[in-house]
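Next comes coords_5.txt, a file with compact mmCIF, C-alpha atoms.
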```txt
# COMPACT_ATOMS: atom_id res chain seq x y z
CA MET A 268 44.47 -39.36 -11.50
CA SER A 269 46.41 -40.42 -8.42
CA ASP A 270 46.58 -44.01 -7.22
CA PRO A 271 44.27 -44.91 -4.33
CA PRO A 272 45.88 -45.26 -0.91
CA LEU A 273 47.75 -48.51 -0.44
CA ALA A 274 45.83 -51.09 1.58
CA ALA A 275 48.61 -52.72 3.56
CA ARG A 276 47.02 -56.16 3.49
CA ALA A 277 47.90 -59.46 1.84
CA PRO A 278 46.03 -59.94 -1.47
CA SER A 279 42.68 -61.71 -1.31
CA GLY A 280 43.14 -65.45 -1.11
CA THR A 281 46.64 -65.27 0.36
CA HIS A 282 47.87 -65.21 3.92
CA ASP A 283 50.93 -64.48 6.03
CA VAL A 284 52.50 -67.18 8.18
CA LEU A 285 54.15 -65.52 11.16
CA TRP A 286 56.38 -66.85 13.89
CA PRO A 287 55.71 -68.87 16.07
CA GLU A 288 53.03 -70.43 13.78
CA SER A 289 55.77 -70.96 11.20
CA THR A 290 57.47 -73.46 13.53
CA ARG A 291 54.65 -75.86 12.64
CA TRP A 292 55.54 -75.48 8.97
CA GLU A 293 59.14 -76.27 9.79
CA ALA A 294 58.00 -79.36 11.68
CA VAL A 295 55.83 -80.48 8.73
CA LEU A 296 58.69 -80.07 6.25
CA ALA A 297 61.17 -81.84 8.53
CA ALA A 298 58.78 -84.75 9.12
CA PHE A 299 58.02 -85.04 5.40
CA ALA A 300 61.68 -84.92 4.38
CA ASP A 301 62.53 -87.57 6.96
CA GLN A 302 59.72 -89.84 5.78
CA VAL A 303 60.43 -89.71 2.06
CA GLU A 304 64.22 -89.40 2.05
CA ARG A 305 64.47 -92.67 3.98
CA ALA A 306 62.72 -94.18 0.94
CA GLY A 307 65.24 -92.73 -1.53
CA TYR A 308 63.43 -89.56 -2.64
CA GLY A 309 65.50 -86.41 -3.22
CA LEU A 310 64.44 -82.77 -3.13
CA VAL A 311 63.80 -81.06 -6.48
CA HIS A 312 63.07 -77.36 -7.07
CA THR A 313 61.38 -76.18 -10.27
CA PRO A 314 60.40 -72.64 -11.35
CA LEU A 315 57.23 -71.08 -9.98
CA PHE A 316 56.08 -70.44 -13.56
CA GLU A 317 56.20 -72.60 -16.67
CA ASP A 318 55.26 -72.43 -20.32
CA VAL A 319 51.47 -72.57 -20.15
CA ARG A 320 51.45 -75.66 -22.41
CA VAL A 321 53.01 -77.73 -19.62
CA PHE A 322 49.72 -77.46 -17.76
CA ARG A 323 47.34 -77.33 -20.72
CA ARG A 324 48.71 -80.59 -22.06
CA GLY A 325 49.42 -82.23 -18.74
CA ILE A 326 46.36 -81.35 -16.68
CA GLY A 327 43.97 -81.08 -19.62
CA GLU A 328 42.23 -78.20 -21.38
CA GLY A 329 38.85 -79.33 -20.07
CA SER A 330 39.79 -79.28 -16.39
CA ASP A 331 38.59 -76.54 -14.04
CA VAL A 332 42.19 -75.83 -13.06
CA VAL A 333 43.23 -74.94 -16.61
CA GLY A 334 39.93 -73.51 -17.77
CA LYS A 335 38.95 -71.41 -14.76
CA GLU A 336 41.64 -71.22 -12.10
CA MET A 337 45.11 -70.96 -13.61
CA TYR A 338 47.04 -67.70 -13.43
CA GLU A 339 48.27 -67.01 -16.98
CA PHE A 340 50.28 -64.03 -18.18
CA GLU A 341 52.37 -62.86 -21.10
CA ASP A 342 55.93 -61.86 -20.30
CA ARG A 343 57.87 -59.01 -21.94
CA GLY A 344 59.10 -61.40 -24.61
CA GLY A 345 55.57 -62.35 -25.67
CA ARG A 346 55.69 -65.83 -24.12
CA THR A 347 52.53 -67.13 -22.44
CA LEU A 348 53.40 -68.47 -19.01
CA ALA A 349 51.43 -69.76 -16.05
CA LEU A 350 52.01 -69.81 -12.33
CA ARG A 351 52.25 -73.36 -11.08
CA PRO A 352 48.75 -74.64 -10.09
CA GLU A 353 50.06 -78.05 -8.92
CA GLY A 354 53.32 -79.90 -8.43
CA THR A 355 53.31 -82.93 -10.75
CA ALA A 356 53.48 -81.43 -14.24
CA PRO A 357 56.55 -79.25 -13.46
CA LEU A 358 58.41 -82.25 -12.01
CA VAL A 359 57.59 -84.29 -15.10
CA ARG A 360 58.69 -81.41 -17.36
CA ALA A 361 61.99 -81.36 -15.45
CA TYR A 362 62.35 -85.09 -16.03
CA VAL A 363 61.70 -84.70 -19.76
CA GLN A 364 64.27 -81.90 -19.99
CA HIS A 365 67.07 -83.44 -17.94
CA ARG A 366 66.43 -87.19 -18.35
CA PRO A 367 67.83 -88.42 -15.02
CA PRO A 368 68.21 -92.20 -14.75
CA VAL A 369 65.13 -94.13 -13.67
CA PRO A 370 63.75 -94.93 -11.24
CA TRP A 371 63.71 -91.21 -10.52
CA LYS A 372 62.25 -90.51 -7.09
CA ALA A 373 61.76 -86.83 -6.23
CA TRP A 374 60.01 -84.79 -3.58
CA TYR A 375 59.04 -81.14 -3.52
CA ALA A 376 57.73 -78.38 -1.27
CA THR A 377 56.20 -75.50 -3.15
CA PRO A 378 53.56 -72.79 -3.32
CA ALA A 379 50.81 -73.38 -5.89
CA PHE A 380 48.45 -70.82 -7.38
CA ARG A 381 44.78 -71.17 -8.31
CA TYR A 382 42.21 -68.43 -8.77
CA GLU A 383 39.36 -70.00 -6.84
CA ARG A 384 37.05 -69.01 -4.05
CA PRO A 385 39.10 -68.95 -0.83
CA GLN A 386 37.89 -71.42 1.77
CA ALA A 387 39.15 -73.07 4.91
CA GLY A 388 42.63 -74.38 4.26
CA ARG A 389 42.53 -73.47 0.57
CA TYR A 390 44.01 -70.22 -0.65
CA ARG A 391 44.78 -68.73 -4.04
CA GLN A 392 48.38 -69.17 -3.04
CA HIS A 393 48.54 -72.39 -1.08
CA HIS A 394 51.43 -74.73 -0.34
CA GLN A 395 52.06 -78.36 -1.09
CA VAL A 396 54.51 -81.12 -0.37
CA GLY A 397 54.58 -84.17 -2.58
CA VAL A 398 56.52 -86.95 -4.24
CA GLU A 399 56.83 -88.21 -7.80
CA ALA A 400 58.36 -91.56 -8.81
CA LEU A 401 59.08 -92.11 -12.50
CA GLY A 402 60.15 -95.24 -14.33
CA PRO A 403 58.74 -98.50 -12.97
CA PRO A 404 55.16 -99.54 -13.78
CA ASP A 405 55.40 -101.93 -10.83
CA PRO A 406 52.28 -101.82 -8.61
CA ASP A 407 54.57 -102.23 -5.60
CA LEU A 408 55.75 -98.67 -6.31
CA ASP A 409 52.12 -97.56 -5.99
CA VAL A 410 52.02 -99.28 -2.61
CA GLU A 411 55.22 -97.52 -1.53
CA VAL A 412 53.91 -94.09 -2.54
CA VAL A 413 50.55 -94.53 -0.80
CA ALA A 414 52.23 -95.92 2.33
CA LEU A 415 54.61 -92.93 2.44
CA ALA A 416 51.67 -90.53 2.57
CA ASP A 417 49.95 -92.62 5.22
CA GLY A 418 53.14 -92.80 7.29
CA PHE A 419 53.70 -89.06 7.02
CA PHE A 420 50.21 -88.26 8.32
CA ARG A 421 50.79 -90.53 11.27
CA SER A 422 54.25 -89.05 11.93
CA VAL A 423 52.72 -85.60 12.59
CA GLY A 424 50.20 -87.10 15.01
CA LEU A 425 47.08 -87.51 12.86
CA ALA A 426 44.91 -90.54 13.53
CA GLY A 427 41.41 -89.59 12.33
CA PHE A 428 41.78 -89.87 8.58
CA GLY A 429 40.74 -92.32 5.90
CA LEU A 430 42.10 -93.45 2.54
CA ARG A 431 39.94 -93.94 -0.56
CA LEU A 432 41.28 -96.04 -3.42
CA ASN A 433 40.25 -96.62 -7.02
CA SER A 434 41.62 -97.55 -10.43
CA MET A 435 41.12 -95.32 -13.47
CA GLY A 436 42.04 -98.07 -15.90
CA ASP A 437 44.14 -97.26 -18.97
CA GLY A 438 43.85 -96.64 -22.68
CA ALA A 439 42.72 -100.20 -23.27
CA CYS A 440 39.74 -100.34 -20.93
CA ARG A 441 38.79 -96.77 -20.08
CA PRO A 442 37.27 -95.79 -23.47
CA GLY A 443 34.76 -98.63 -23.28
CA TYR A 444 33.86 -97.68 -19.72
CA LEU A 445 33.47 -94.01 -20.66
CA ALA A 446 30.98 -94.99 -23.36
CA LEU A 447 29.08 -97.12 -20.86
CA LEU A 448 29.08 -94.39 -18.21
CA GLY A 449 28.17 -91.71 -20.75
CA GLY A 450 25.17 -93.74 -21.87
CA TYR A 451 24.01 -94.29 -18.29
CA LEU A 452 24.32 -90.59 -17.40
CA ALA A 453 22.73 -89.45 -20.66
CA GLY A 454 19.64 -91.43 -19.74
CA ARG A 455 19.39 -89.42 -16.52
CA ARG A 456 20.81 -86.16 -17.81
CA ASP A 457 17.97 -84.02 -16.47
CA GLU A 458 18.69 -85.25 -12.92
CA LEU A 459 22.32 -84.04 -12.95
CA CYS A 460 23.36 -80.63 -11.64
CA ALA A 461 23.48 -77.85 -14.24
CA GLU A 462 27.29 -77.91 -14.51
CA HIS A 463 27.51 -81.60 -15.34
CA ARG A 464 24.55 -81.55 -17.70
CA GLU A 465 26.60 -79.13 -19.79
CA ARG A 466 29.89 -81.03 -19.44
CA LEU A 467 28.52 -84.54 -19.86
CA GLY A 468 29.71 -84.95 -23.43
CA ALA A 469 33.21 -83.64 -22.72
CA ASN A 470 34.01 -85.82 -19.72
CA PRO A 471 31.36 -87.92 -17.99
CA LEU A 472 33.89 -88.93 -15.29
CA ARG A 473 33.61 -85.49 -13.72
CA ALA A 474 30.03 -86.24 -12.66
CA LEU A 475 31.29 -89.10 -10.47
CA ASP A 476 33.39 -86.66 -8.45
CA CYS A 477 30.64 -84.05 -8.03
CA LYS A 478 29.70 -83.38 -4.40
CA ARG A 479 26.24 -81.98 -5.14
CA ASP A 480 23.33 -84.08 -3.92
CA ALA A 481 21.73 -84.31 -7.37
CA CYS A 482 24.81 -85.80 -9.02
CA ARG A 483 25.55 -88.07 -6.09
CA ALA A 484 22.04 -89.52 -6.28
CA VAL A 485 22.41 -90.18 -10.01
CA THR A 486 25.91 -91.67 -9.80
CA ALA A 487 25.11 -93.92 -6.85
CA GLY A 488 23.90 -96.53 -9.30
CA ALA A 489 26.41 -95.78 -12.06
CA PRO A 490 28.56 -98.61 -13.42
CA SER A 491 31.91 -98.91 -11.66
CA LEU A 492 35.15 -98.70 -13.58
CA ALA A 493 36.65 -101.30 -11.25
CA ASP A 494 34.13 -103.80 -12.70
CA HIS A 495 35.23 -103.05 -16.27
CA LEU A 496 39.02 -103.08 -16.01
CA CYS A 497 41.04 -104.99 -18.58
CA ALA A 498 43.03 -107.95 -17.24
CA PRO A 499 46.37 -106.09 -16.84
CA CYS A 500 44.70 -103.19 -14.99
CA ALA A 501 42.72 -105.57 -12.79
CA GLU A 502 45.91 -107.48 -11.91
CA HIS A 503 47.71 -104.21 -11.16
CA PHE A 504 44.90 -103.00 -8.90
CA ALA A 505 44.70 -106.33 -7.08
CA ARG A 506 48.45 -106.19 -6.38
CA VAL A 507 48.13 -102.67 -4.98
CA GLN A 508 45.39 -103.78 -2.60
CA GLU A 509 47.39 -106.86 -1.60
CA GLY A 510 50.41 -104.67 -0.83
CA LEU A 511 48.48 -102.17 1.26
CA ASP A 512 46.89 -105.03 3.18
CA ALA A 513 50.33 -106.53 3.82
CA LEU A 514 51.67 -103.22 5.13
CA GLY A 515 48.64 -102.61 7.34
CA VAL A 516 47.53 -99.45 5.50
CA PRO A 517 43.73 -99.27 5.86
CA TYR A 518 41.68 -98.10 2.86
CA GLY A 519 38.23 -98.22 1.33
CA LEU A 520 37.38 -98.74 -2.34
CA ASP A 521 35.45 -95.88 -3.93
CA HIS A 522 34.32 -96.07 -7.56
CA ARG A 523 33.49 -92.34 -7.52
CA LEU A 524 37.14 -91.38 -6.96
CA VAL A 525 38.39 -90.02 -10.28
CA ARG A 526 40.21 -86.86 -9.15
CA GLY A 527 40.38 -83.73 -11.28
CA PHE A 528 43.28 -84.10 -13.71
CA ASP A 529 43.22 -85.84 -17.08
CA TYR A 530 46.64 -87.42 -16.67
CA TYR A 531 45.64 -90.07 -14.09
CA THR A 532 45.69 -93.76 -15.06
CA ARG A 533 45.19 -96.89 -12.99
CA THR A 534 45.73 -96.26 -9.25
CA THR A 535 44.13 -93.14 -7.78
CA PHE A 536 43.85 -92.38 -4.08
CA GLU A 537 42.79 -89.65 -1.69
CA PHE A 538 43.17 -89.07 2.04
CA ALA A 539 40.44 -87.25 3.96
CA SER A 540 40.34 -86.03 7.55
CA GLU A 541 37.44 -87.29 9.63
CA ALA A 542 37.83 -84.24 11.89
CA LEU A 543 37.00 -81.68 9.15
CA GLU A 544 33.75 -80.90 7.37
CA ALA A 545 33.11 -83.26 4.47
CA ALA A 546 33.19 -80.52 1.84
CA GLN A 547 36.70 -79.46 2.86
CA ASN A 548 38.24 -82.57 4.36
CA GLY A 549 40.69 -83.60 1.64
CA ILE A 550 44.25 -83.48 2.97
CA GLY A 551 46.12 -85.13 0.12
CA GLY A 552 45.96 -87.50 -2.79
CA GLY A 553 47.39 -88.57 -6.08
CA GLY A 554 47.73 -91.44 -8.45
CA ARG A 555 49.48 -93.02 -11.39
CA TYR A 556 50.02 -91.04 -14.61
CA ASP A 557 51.61 -93.42 -17.08
CA GLY A 558 51.10 -91.19 -20.13
CA LEU A 559 52.07 -87.78 -18.76
CA VAL A 560 55.75 -87.91 -19.76
CA GLU A 561 54.71 -88.59 -23.36
CA MET A 562 52.19 -85.72 -23.25
CA LEU A 563 55.08 -83.39 -22.42
CA GLY A 564 57.35 -84.69 -25.17
CA GLY A 565 59.29 -87.42 -23.40
CA PRO A 566 59.63 -91.15 -23.99
CA PRO A 567 57.05 -93.57 -22.58
CA THR A 568 57.77 -93.45 -18.83
CA PRO A 569 55.27 -94.54 -16.17
CA GLY A 570 54.92 -92.43 -13.04
CA ILE A 571 53.04 -92.06 -9.79
CA GLY A 572 52.92 -89.43 -7.06
CA PHE A 573 50.86 -87.44 -4.59
CA GLY A 574 50.41 -83.93 -3.29
CA ILE A 575 49.48 -82.80 0.23
CA GLY A 576 48.18 -79.33 1.05
CA ILE A 577 50.01 -77.91 4.06
CA GLU A 578 47.27 -75.48 5.10
CA ARG A 579 44.57 -78.15 5.01
CA LEU A 580 46.88 -80.58 6.82
CA LEU A 581 47.39 -78.05 9.63
CA LEU A 582 43.61 -77.56 9.93
CA ALA A 583 43.30 -81.31 10.45
CA CYS A 584 46.06 -81.15 13.06
CA ASP A 585 44.19 -78.36 14.86
CA ALA A 586 40.97 -80.38 14.78
CA GLU A 587 42.76 -83.35 16.36
CA GLY A 588 44.82 -81.22 18.77
CA VAL A 589 48.20 -82.33 17.46
CA LEU A 590 51.33 -80.55 16.20
CA PRO A 591 50.94 -77.33 18.21
CA ALA A 592 53.10 -74.28 17.52
CA ALA A 593 55.92 -74.94 19.96
CA PRO A 594 59.10 -73.04 19.10
CA ALA A 595 62.16 -74.42 20.85
CA PRO A 596 63.19 -72.08 23.69
CA PRO A 597 66.73 -70.71 23.72
CA ASP A 598 69.28 -72.50 25.84
CA ALA A 599 70.24 -69.22 27.49
CA PHE A 600 69.13 -65.59 27.71
CA VAL A 601 71.87 -63.06 28.45
CA VAL A 602 70.98 -60.23 30.82
CA ASP A 603 73.57 -57.46 30.62
CA VAL A 604 73.29 -54.21 32.59
CA THR A 605 76.84 -53.09 31.81
CA GLY A 606 76.18 -51.56 28.41
CA GLY A 607 75.43 -54.53 26.14
CA ALA A 608 78.92 -55.51 24.97
CA ALA A 609 78.98 -58.59 27.24
CA ALA A 610 75.59 -59.73 25.90
CA ARG A 611 76.82 -59.25 22.34
CA ASP A 612 79.94 -61.33 22.92
CA LEU A 613 78.34 -64.05 25.05
CA THR A 614 75.45 -64.70 22.65
CA ALA A 615 77.91 -64.92 19.74
CA ALA A 616 80.12 -67.39 21.65
CA LEU A 617 77.17 -69.58 22.59
CA ARG A 618 75.82 -69.63 19.02
CA ARG A 619 79.26 -70.51 17.60
CA ALA A 620 79.30 -73.46 20.01
CA GLY A 621 75.99 -74.76 18.60
CA LEU A 622 73.81 -73.47 21.45
CA SER A 623 70.86 -71.13 21.10
CA ALA A 624 70.97 -67.78 22.87
CA ASP A 625 69.04 -64.54 22.93
CA ARG A 626 69.32 -61.20 24.68
CA ALA A 627 67.60 -57.85 25.29
CA TYR A 628 68.58 -54.60 23.59
CA ASP A 629 68.51 -50.85 24.23
CA ASP A 630 70.20 -50.98 27.65
CA ARG A 631 67.01 -51.90 29.49
CA SER A 632 66.80 -52.27 33.28
CA MET A 633 67.62 -55.50 35.11
CA LYS A 634 63.92 -56.01 35.90
CA ALA A 635 62.86 -55.54 32.27
CA GLN A 636 65.56 -57.87 30.99
CA MET A 637 64.68 -60.59 33.51
CA LYS A 638 61.05 -60.39 32.40
CA ALA A 639 62.20 -60.81 28.81
CA ALA A 640 64.35 -63.77 29.83
CA ASP A 641 61.40 -65.48 31.48
CA ARG A 642 59.11 -64.83 28.52
CA SER A 643 61.67 -66.36 26.17
CA GLY A 644 61.33 -69.76 27.83
CA ALA A 645 65.11 -70.03 28.20
CA ARG A 646 66.47 -72.65 30.56
CA VAL A 647 68.92 -70.26 32.18
CA ALA A 648 69.64 -66.56 32.44
CA LEU A 649 73.25 -65.46 32.18
CA ILE A 650 73.55 -62.24 34.19
CA VAL A 651 76.34 -59.71 33.77
CA GLY A 652 76.30 -56.81 36.23
CA PRO A 653 79.09 -54.57 37.51
CA ASP A 654 80.34 -57.20 40.00
CA GLU A 655 80.44 -59.94 37.37
CA ALA A 656 82.18 -57.65 34.88
CA ALA A 657 84.82 -56.72 37.47
CA SER A 658 85.52 -60.34 38.45
CA GLY A 659 85.41 -61.88 34.96
CA THR A 660 82.44 -64.07 35.87
CA VAL A 661 78.83 -64.58 34.83
CA SER A 662 75.93 -65.39 37.16
CA LEU A 663 73.93 -68.39 35.92
CA ARG A 664 70.34 -68.37 37.17
CA PRO A 665 68.15 -71.42 36.38
CA LEU A 666 64.76 -70.29 35.08
CA ARG A 667 63.19 -73.73 34.71
CA GLY A 668 63.30 -76.78 36.93
CA GLY A 669 64.77 -75.24 40.06
CA GLY A 670 68.39 -74.87 41.12
CA GLU A 671 70.44 -72.12 42.73
CA GLN A 672 72.00 -69.11 41.06
CA HIS A 673 75.78 -69.38 40.95
CA ARG A 674 78.73 -67.76 39.28
CA VAL A 675 80.89 -69.33 36.60
CA PRO A 676 84.06 -67.99 34.97
CA ALA A 677 83.28 -66.12 31.76
CA ALA A 678 85.52 -68.58 29.90
CA GLY A 679 83.40 -71.50 31.17
CA VAL A 680 79.96 -70.22 30.18
CA VAL A 681 79.61 -72.53 27.17
CA ASP A 682 80.35 -75.62 29.27
CA ALA A 683 77.97 -74.43 31.99
CA VAL A 684 75.09 -73.95 29.54
CA ARG A 685 75.77 -77.34 27.99
CA ALA A 686 75.62 -78.88 31.45
CA ALA A 687 72.27 -77.15 32.07
CA ARG A 688 70.98 -78.66 28.81
CA ARG A 689 72.03 -82.13 29.90
CA ASP A 690 70.47 -81.70 33.31
CA ALA A 691 67.20 -80.75 31.58
CA GLY A 692 67.36 -83.93 29.48
CA ALA A 693 67.99 -82.14 26.18
CA PRO A 694 70.23 -83.85 23.60
```
What is this structure when it is put down as structure tokens?
Amino acid sequence: MSDPPLAARAPSGTHDVLWPESTRWEAVLAAFADQVERAGYGLVHTPLFEDVRVFRRGIGEGSDVVGKEMYEFEDRGGRTLALRPEGTAPLVRAYVQHRPPVPWKAWYATPAFRYERPQAGRYRQHHQVGVEALGPPDPDLDVEVVALADGFFRSVGLAGFGLRLNSMGDGACRPGYLALLGGYLAGRRDELCAEHRERLGANPLRALDCKRDACRAVTAGAPSLADHLCAPCAEHFARVQEGLDALGVPYGLDHRLVRGFDYYTRTTFEFASEALEAAQNGIGGGGRYDGLVEMLGGPPTPGIGFGIGIERLLLACDAEGVLPAAPAPPDAFVVDVTGGAAARDLTAALRRAGLSADRAYDDRSMKAQMKAADRSGARVALIVGPDEAASGTVSLRPLRGGGEQHRVPAAGVVDAVRAARRDAGAP
């Protein structure tokens, strides 16, 4: 039986990012790198797939990500592996393996894979940027991490977003709270949505994060973990709030904020766009995970980090009308009607000098090449016709901002284009 015809389309839940849209991605990555590297974070790359136990232990067997969404496969050697569904556990695994000195401050940019229903800004292969800081339990590090995310959103032009903040407690105070919450929810079990009626015994915290009206009505009166923190956790949380207040980072406290991974302790936070629909408005979040290194076989090492979805971030930018796709135009476009050799050599010389240059191909007419030059957005056209070729010159025609066409010696083209850049106010 022959294979069916190939459908030349990206797989369901994935998407192509073409130029010039990809210039926005470059701008996001550049802005993020600038923001976090000024705070001492360095770029780390980890494999796209890991031993499946990295995620089962780190994220938790009972989570939707591990139980329903993770891409698992067996390789030719019989090892069970998983495509990365999130960025934190692989970074922590790398820390456990290599043991860099602490504080270890890392950032990443990576695709992540989850088999879930595709929706606006969320794909089965989506992309994240994030940071992880391992070592200090200091709440001031929490403040730094949250402020970095807030500063990054502002650096790309976003203004309509909010920050929710909570504390998940720790091993000393959370068990008692879970018993209290479990008892409260058990008394109203029949009012919960079907999913959380079934999962109540496994993890009552998940009901707090449910977006369905039934669960939200039940949990509106649920006891708050923030009211049942042990003294060290309460002091830690108070210091985080004090620090954010001091830095002018606005936030709101939300006792429902528990996020979806089992590794979170103490500080948790989430940013949401006010310009997107409530069901799909999350643009980033994270928290502290002081036991995750131990879960993956390392020594006790506190940590905190966040992840930001690039696709969802760009939807928020669209909704606010910021960060448009605006590829930088070339400094010059070479128009050559003498066979193409002059265009080949001039574009190479300009690029070697650090300038951007483009050209037409296939020996097109002067009219067609000038149209291409104008479409390119170039500041100037460099024209080589028979007269210019015979006299060793190039005609420089300004395409933006006015000015007269004039000839320059072929040897002086680089200087002439640089002068045009300066006249246009470019660096």
- Message: When you count only C-alpha atoms, which of these residues is closest to Asp603 in chain A: A:Pro653, A:Gly576, A:Gly588, A:Gly345?
- Response: A:Pro653
- Please provide as JSON, numbers by chain all residues within 7 Å of range 489-506 of chain A, with the sequence filter that same-chain residues fewer than 5 positions apart are discarded (counting all atoms listed in the file). {"A": [406, 434, 435, 436, 439, 440, 444, 448, 451, 522, 533, 534]}
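In this model, the gap between CA of Ala373 in chain A and CA of Val507 in chain A comes to 20.9 Å.
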- Task: Skip Pro676 in chain A itself and residues of its chain fewer than 6 positions away, then list as a list in words all residues within 9 Å of it, counting all atoms listed in the file.
- Result: Ser658, Gly659, Thr660, Val661 and Ser662 of chain A
Give me the residues near His463 in chain A as a tab-separated table (two decimals) with C-alpha atoms, in the frame of the given file, where near means some atom within 12 Å (using only C-alpha atoms) and where sequence neighbours in that chain fewer than 6 positions away do not count.
```tsv
chain	number	residue	atom	x	y	z
A	449	GLY	CA	28.17	-91.71	-20.75
A	452	LEU	CA	24.32	-90.59	-17.40
A	453	ALA	CA	22.73	-89.45	-20.66
A	455	ARG	CA	19.39	-89.42	-16.52
A	456	ARG	CA	20.81	-86.16	-17.81
A	457	ASP	CA	17.97	-84.02	-16.47
A	469	ALA	CA	33.21	-83.64	-22.72
A	470	ASN	CA	34.01	-85.82	-19.72
A	471	PRO	CA	31.36	-87.92	-17.99
A	472	LEU	CA	33.89	-88.93	-15.29
A	473	ARG	CA	33.61	-85.49	-13.72
A	474	ALA	CA	30.03	-86.24	-12.66
A	475	LEU	CA	31.29	-89.10	-10.47
A	476	ASP	CA	33.39	-86.66	-8.45
A	477	CYS	CA	30.64	-84.05	-8.03
A	478	LYS	CA	29.70	-83.38	-4.40
A	479	ARG	CA	26.24	-81.98	-5.14
A	481	ALA	CA	21.73	-84.31	-7.37
A	482	CYS	CA	24.81	-85.80	-9.02
A	483	ARG	CA	25.55	-88.07	-6.09
A	485	VAL	CA	22.41	-90.18	-10.01
A	486	THR	CA	25.91	-91.67	-9.80
```
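Nearest residue to Ala349 in chain A among A:Phe322, A:Lys335, A:Gly424, A:Gly669 is A:Phe322, counting all atoms listed in the file.
The closest residue to Arg642 in chain A, picked from A:Glu587, A:Glu655, A:Asp625, A:Glu399 and counting all atoms listed in the file, is A:Asp625.
Between CA of Val321 in chain A and CA of Leu467 in chain A the interatomic distance comes to 25.4 Å.
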- Message: Taking (82.6, -65.3, 25.4) as a centre in this file's frame and 9 Å as the limit, can you find every polymer residue with an atom that close, using only C-alpha atoms, and give them as a list of chain:residue names?
- Response: A:Ala609, A:Ala610, A:Arg611, A:Asp612, A:Leu613, A:Thr614, A:Ala615, A:Ala616, A:Leu617, A:Ala677, A:Ala678, A:Gly679, A:Val680, A:Val681
- Item | Non-local contacts of Gly388 in chain A (7 Å; only C-alpha atoms; under 5 positions in same chain excluded) as a PyMOL selection string | chain A and resi 578-579+582
What box, with edges along x, y and z, holds each listed atom of range 362-371 of chain A when 4 Å is added on every side, and can you state its centre and edge lengths in Å to one decimal, as JSON?
```
{"center_x": 65.0, "center_y": -88.4, "center_z": -15.3, "size_x": 14.5, "size_y": 21.0, "size_z": 17.5}
```
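Note that the spacing between CA of Asp629 in chain A and CA of Ala599 in chain A amounts to 18.7 Å.
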Set the distance at 10 Å and use all atoms listed in the file: which residues neighbour Ala376 in chain A once local chain neighbours fewer than 4 positions away are removed? I'd like the list as a compact mmCIF listing (two decimals) with C-alpha atoms, in the frame of the given file.
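Contents of the output file around_14.txt:
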```txt
# COMPACT_ATOMS: atom_id res chain seq x y z
CA LEU A 296 58.69 -80.07 6.25
CA PHE A 299 58.02 -85.04 5.40
CA ALA A 300 61.68 -84.92 4.38
CA LEU A 310 64.44 -82.77 -3.13
CA VAL A 311 63.80 -81.06 -6.48
CA HIS A 312 63.07 -77.36 -7.07
CA THR A 313 61.38 -76.18 -10.27
CA GLY A 354 53.32 -79.90 -8.43
CA HIS A 394 51.43 -74.73 -0.34
CA GLN A 395 52.06 -78.36 -1.09
CA VAL A 396 54.51 -81.12 -0.37
CA GLY A 397 54.58 -84.17 -2.58
CA VAL A 398 56.52 -86.95 -4.24
CA GLY A 574 50.41 -83.93 -3.29
CA ILE A 575 49.48 -82.80 0.23
CA GLY A 576 48.18 -79.33 1.05
CA ILE A 577 50.01 -77.91 4.06
```
